[in-house]
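Let me begin by presenting the structure, written as structure tokens, before commenting on it.
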Amino acid sequence: MEYELSFSAADLAQTRFAVSPLWEVVTSFRVLARRSDSAPHQRWAAQVRPRIVRAGLDRGRLAGLVPADGYLADFLNPTPAGPFPTLAAELDAIRRTPAGQVREDLRKLAVEGGDTGRLQSLHDDPEAVLPKVADEIETYWELALAPYWARIQKVLEADVFHRARQVAEHGSARVLGELHKTVRWDDGTLRLVRRHCALTRDQAGSGLLLVPSVFVWPRVLTRSVHPDPPQLAYPARGFGGVWEPRTTAATDAVAAVLGRSRTLLLAALDTPASTTQLATHSGLSAAGVSQHLIALRNAGLVTAHRSGRSVLYARTSVADQLLNP
């Protein structure tokens, strides 16, 4: 089936990009829900899936709102106010979702055969249950995305800056025609060939919001909720390299400043790890690793993220630049 989104001059003028943490939440959760460890997300899924299962998130409300295929609840992707919204701002928008929209989204899920039994309380009292949905999303974020956000965000922002430059140099029509193989621009109309993704002007407001995503590949996803502008989430340029091991070419130079032990720990944090894992990998004592991590965190070189009873540490983008100038 082919959907058409017509554009006026005003619609083109209102077309914009945004990096949305919540789009990464729903698309990454869907990757895990499909239980497919094929490239390009195999490395990430192998690390994250056990944490999600231990936390029970594979059996919670989010799992009901984001099934493995087909329709997912539109209220999970509110329209960002700016190009780089925070997760907190987007969660606030979820908490304010009108009850009518929540129930309409649940109706659509039920029509497609979704497991909506666990969502009955959300249907009955959206105002009381939406904050619990937001809390569940926050837990998922801490376990699945926060430790990796620096590298994900880098790819998403690079995509936005690249396409914004392309718009300036070649115009919006060319950029719209290069988003994905199922999307093409044809004389004032954006044509989208997708079975599950409706995108029509009568179902949404003016303009268009384009959202790059690391996890949406190999397809695109859409959101059309009047009076908001339609949203189209597409695979970001370079998403396939997000999980590739990063070299640490400048370790000797960094070690001269930070010391060998702290540089060794930074190099080991190519993937997030706990104090115990780092101690095993480095040969340092757990107490010594903990002291070094506190210093590195205070310097803005690592971040800490709660994962059950343990804490996962991750390199920041600043540390990446030190190790890979």
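Letters for chains follow the order of the structure tokens (A, B, ...), residue numbers begin at 1 for each chain, and ligand numbers begin at 1 in the order shown.
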Query - Exercise: Ser8 (chain A) partners within 12 Å, only C-alpha atoms, chain neighbours under 4 positions left out, as a ChimeraX atom specification - result: /A:12-15,187-190,201,206-208
Written selection (C-alpha atoms) as a short mmCIF file (atom, residue, chain, number, x, y, z; two decimals), in the first residue's frame:
```cif
data_model
loop_
_atom_site.label_atom_id
_atom_site.label_comp_id
_atom_site.auth_asym_id
_atom_site.auth_seq_id
_atom_site.Cartn_x
_atom_site.Cartn_y
_atom_site.Cartn_z
CA LEU A 12 7.86 22.64 3.28
CA ALA A 13 8.69 25.74 5.28
CA GLN A 14 7.57 23.97 8.46
CA THR A 15 9.51 20.77 7.79
CA ASP A 187 6.28 16.77 -7.53
CA GLY A 188 5.10 18.13 -4.20
CA THR A 189 4.12 14.77 -2.70
CA LEU A 190 5.99 12.47 -0.35
CA ARG A 201 -2.26 15.02 5.51
CA SER A 206 0.87 20.98 8.67
CA GLY A 207 4.60 20.58 8.13
CA LEU A 208 6.65 17.43 8.73
#
```
Report task. Write out as a PyMOL selection string which residues come within 10 Å of region 19-28 of chain A when counting only C-alpha atoms, dropping same-chain ones fewer than 2 positions away. Result -> chain A and resi 17+30-33+41+44-45+62-63+65-68+72-73+76-80+82-91+94+137-138+140-141+144-146+149+152-153+156-157+159-160+210-217+221+233
Report task. Based on DSSP run over this structure's backbone, return all residues of region 102-317 of chain A in alpha helix (DSSP H), as an NGL selection string. Result -> :A and (102-111 or 120-124 or 126-140 or 149-170 or 172-176 or 251-258 or 260-268 or 275-282 or 286-298 or 317)
Now that the selection is made, can you save its residues with C-alpha atoms as a CSV table (one decimal), in the first residue's frame?
```
chain,number,residue,atom,x,y,z
A,102,VAL,CA,-4.7,7.1,25.3
A,103,ARG,CA,-8.0,5.1,24.8
A,104,GLU,CA,-7.9,5.6,21.0
A,105,ASP,CA,-4.3,4.2,20.9
A,106,LEU,CA,-5.3,1.3,23.0
A,107,ARG,CA,-8.3,0.6,20.7
A,108,LYS,CA,-5.9,0.5,17.7
A,109,LEU,CA,-3.6,-1.9,19.5
A,110,ALA,CA,-6.6,-4.2,20.3
A,111,VAL,CA,-7.8,-4.1,16.7
A,120,GLN,CA,-6.7,-2.4,31.2
A,121,SER,CA,-5.8,-0.1,34.2
A,122,LEU,CA,-4.3,2.4,31.7
A,123,HIS,CA,-7.6,2.4,29.7
A,124,ASP,CA,-9.7,2.8,32.9
A,126,PRO,CA,-5.1,7.2,32.1
A,127,GLU,CA,-4.4,10.1,34.4
A,128,ALA,CA,-3.4,7.8,37.3
A,129,VAL,CA,-1.5,5.2,35.2
A,130,LEU,CA,0.4,7.4,32.7
A,131,PRO,CA,3.0,8.4,35.4
A,132,LYS,CA,3.6,4.7,36.0
A,133,VAL,CA,4.2,4.3,32.2
A,134,ALA,CA,6.7,7.2,32.4
A,135,ASP,CA,8.4,5.6,35.3
A,136,GLU,CA,8.8,2.3,33.4
A,137,ILE,CA,10.3,4.2,30.5
A,138,GLU,CA,12.8,5.9,32.8
A,139,THR,CA,13.8,2.5,34.1
A,140,TYR,CA,14.2,1.1,30.6
A,149,TRP,CA,23.6,7.5,24.8
A,150,ALA,CA,26.8,9.4,24.1
A,151,ARG,CA,27.6,7.3,21.0
A,152,ILE,CA,23.9,7.1,19.9
A,153,GLN,CA,23.5,10.8,20.2
A,154,LYS,CA,26.6,11.5,18.3
A,155,VAL,CA,25.3,9.6,15.3
A,156,LEU,CA,21.8,11.2,15.5
A,157,GLU,CA,23.1,14.7,15.7
A,158,ALA,CA,25.6,14.2,12.9
A,159,ASP,CA,22.7,13.0,10.7
A,160,VAL,CA,20.7,16.1,11.5
A,161,PHE,CA,23.6,18.5,10.8
A,162,HIS,CA,24.4,16.7,7.5
A,163,ARG,CA,20.8,16.8,6.2
A,164,ALA,CA,20.3,20.4,7.3
A,165,ARG,CA,23.4,21.3,5.3
A,166,GLN,CA,22.0,19.3,2.3
A,167,VAL,CA,18.7,21.3,2.6
A,168,ALA,CA,20.6,24.5,2.5
A,169,GLU,CA,22.7,23.5,-0.5
A,170,HIS,CA,20.2,21.4,-2.5
A,172,SER,CA,14.2,20.0,0.9
A,173,ALA,CA,12.9,18.0,-2.0
A,174,ARG,CA,16.3,16.3,-2.5
A,175,VAL,CA,16.7,15.5,1.1
A,176,LEU,CA,13.2,14.0,1.4
A,251,THR,CA,46.4,5.7,25.2
A,252,ASP,CA,50.1,6.5,25.7
A,253,ALA,CA,49.5,10.3,25.5
A,254,VAL,CA,46.4,10.1,27.8
A,255,ALA,CA,48.3,7.8,30.2
A,256,ALA,CA,51.0,10.5,30.6
A,257,VAL,CA,48.3,12.8,32.0
A,258,LEU,CA,45.8,10.5,33.7
A,260,ARG,CA,48.2,4.0,33.3
A,261,SER,CA,45.4,2.6,35.5
A,262,ARG,CA,42.8,5.2,34.7
A,263,THR,CA,43.6,5.1,31.0
A,264,LEU,CA,43.3,1.3,31.1
A,265,LEU,CA,39.9,1.6,32.6
A,266,LEU,CA,38.8,4.2,30.1
A,267,ALA,CA,40.0,1.9,27.3
A,268,ALA,CA,38.1,-1.0,28.8
A,275,THR,CA,33.2,-2.2,38.9
A,276,THR,CA,33.6,-5.9,39.3
A,277,GLN,CA,33.8,-6.5,35.6
A,278,LEU,CA,36.5,-3.8,35.3
A,279,ALA,CA,38.5,-5.2,38.1
A,280,THR,CA,38.5,-8.6,36.5
A,281,HIS,CA,39.5,-7.1,33.1
A,282,SER,CA,42.2,-4.8,34.4
A,286,ALA,CA,37.7,-3.5,43.1
A,287,ALA,CA,38.5,-0.8,45.7
A,288,GLY,CA,41.1,0.7,43.4
A,289,VAL,CA,38.8,0.6,40.4
A,290,SER,CA,36.1,2.3,42.4
A,291,GLN,CA,38.5,5.2,43.4
A,292,HIS,CA,39.6,5.7,39.9
A,293,LEU,CA,36.1,5.7,38.6
A,294,ILE,CA,35.1,8.4,41.1
A,295,ALA,CA,37.9,10.6,39.8
A,296,LEU,CA,37.1,9.9,36.2
A,297,ARG,CA,33.4,10.7,36.8
A,298,ASN,CA,34.3,13.9,38.6
A,317,SER,CA,32.0,11.6,24.4
```
Give the strand (DSSP E or B) residues of region 19-188 of chain A, as assigned by DSSP on the backbone, as a compact mmCIF listing (two decimals) with all heavy atoms, in the first residue's frame.
```txt
# COMPACT_ATOMS: atom_id res chain seq x y z
N VAL A 183 10.72 5.63 0.67
CA VAL A 183 10.23 7.00 0.66
C VAL A 183 10.74 7.71 -0.59
O VAL A 183 11.93 7.66 -0.90
CB VAL A 183 10.72 7.77 1.91
CG1 VAL A 183 10.21 9.21 1.90
CG2 VAL A 183 10.28 7.05 3.18
N ARG A 184 9.84 8.35 -1.31
CA ARG A 184 10.29 9.11 -2.49
C ARG A 184 9.48 10.40 -2.62
O ARG A 184 8.33 10.47 -2.23
CB ARG A 184 10.19 8.27 -3.76
CG ARG A 184 8.80 8.03 -4.28
CD ARG A 184 8.86 7.23 -5.59
NE ARG A 184 7.58 7.17 -6.27
CZ ARG A 184 6.64 6.27 -6.04
NH1 ARG A 184 6.84 5.33 -5.13
NH2 ARG A 184 5.49 6.29 -6.70
N TRP A 185 10.13 11.39 -3.17
CA TRP A 185 9.54 12.70 -3.38
C TRP A 185 9.15 12.82 -4.84
O TRP A 185 9.94 12.54 -5.73
CB TRP A 185 10.52 13.79 -3.01
CG TRP A 185 10.03 15.18 -3.29
CD1 TRP A 185 10.34 15.96 -4.37
CD2 TRP A 185 9.15 15.95 -2.48
NE1 TRP A 185 9.71 17.17 -4.28
CE2 TRP A 185 8.97 17.19 -3.12
CE3 TRP A 185 8.50 15.72 -1.26
CZ2 TRP A 185 8.16 18.19 -2.60
CZ3 TRP A 185 7.70 16.72 -0.74
CH2 TRP A 185 7.54 17.94 -1.39
N ASP A 186 7.91 13.24 -5.09
CA ASP A 186 7.42 13.31 -6.47
C ASP A 186 6.50 14.51 -6.63
O ASP A 186 5.32 14.46 -6.27
CB ASP A 186 6.68 12.01 -6.82
CG ASP A 186 6.19 11.99 -8.27
OD1 ASP A 186 6.67 12.81 -9.07
OD2 ASP A 186 5.31 11.16 -8.57
```
Tell me, as a compact mmCIF listing (two decimals) with N, CA and C atoms, in the first residue's frame, which residues lie within 10 Å of Glu142 (chain A), counting only C-alpha atoms; anything in the same chain fewer than 6 positions away does not count.
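Here's the written file out.txt:
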```
# COMPACT_ATOMS: atom_id res chain seq x y z
N TYR A 148 24.74 4.05 26.76
CA TYR A 148 25.22 4.11 25.38
C TYR A 148 24.85 5.43 24.69
N TRP A 149 24.21 6.33 25.43
CA TRP A 149 23.61 7.49 24.80
C TRP A 149 24.63 8.40 24.13
N ALA A 304 27.74 7.15 35.29
CA ALA A 304 27.30 5.99 36.06
C ALA A 304 25.80 5.81 35.90
N HIS A 305 25.37 4.53 35.75
CA HIS A 305 23.97 4.23 35.50
C HIS A 305 23.56 3.01 36.32
N ARG A 306 22.51 3.14 37.12
CA ARG A 306 22.05 2.07 37.98
C ARG A 306 21.47 0.93 37.15
N SER A 307 21.90 -0.30 37.43
CA SER A 307 21.39 -1.50 36.78
C SER A 307 21.14 -2.55 37.85
N LEU A 312 26.54 0.52 36.24
CA LEU A 312 27.30 0.42 35.00
C LEU A 312 27.97 1.76 34.71
```
Query raised in the report: Got a sec: who's within 9 Å of Val318 (chain A), counting only C-alpha atoms, leaving out chain neighbours fewer than 6 positions off, as a PyMOL selection string?
Result: chain A and resi 300-302
Could you write out the selected residues, including N, CA, C and O atoms, as an mmCIF file, in the first residue's frame?
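After the write, result_29.cif holds the following:
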```
data_model
loop_
_atom_site.group_PDB
_atom_site.id
_atom_site.type_symbol
_atom_site.label_atom_id
_atom_site.label_comp_id
_atom_site.auth_asym_id
_atom_site.auth_seq_id
_atom_site.Cartn_x
_atom_site.Cartn_y
_atom_site.Cartn_z
ATOM 1 N N GLY A 300 34.322 14.244 34.362
ATOM 2 C CA GLY A 300 33.437 14.220 33.206
ATOM 3 C C GLY A 300 33.847 13.235 32.131
ATOM 4 O O GLY A 300 33.444 13.364 30.972
ATOM 5 N N LEU A 301 34.614 12.208 32.504
ATOM 6 C CA LEU A 301 35.102 11.234 31.529
ATOM 7 C C LEU A 301 34.305 9.939 31.536
ATOM 8 O O LEU A 301 34.373 9.164 30.579
ATOM 9 N N VAL A 302 33.566 9.680 32.613
ATOM 10 C CA VAL A 302 32.675 8.520 32.654
ATOM 11 C C VAL A 302 31.358 8.941 33.283
ATOM 12 O O VAL A 302 31.279 9.940 34.014
#
```
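Taking only C-alpha atoms, the non-local environment of Gly241 (chain A) within 8 Å (same-chain residues fewer than 3 positions away omitted) comprises A:Pro40, A:Gly238, A:Glu244.
Each of A:Arg59, A:Thr116, A:Pro227, A:Phe75 was checked against Arg95 (chain A) using only C-alpha atoms; the smallest atom-to-atom distance is that of A:Phe75.
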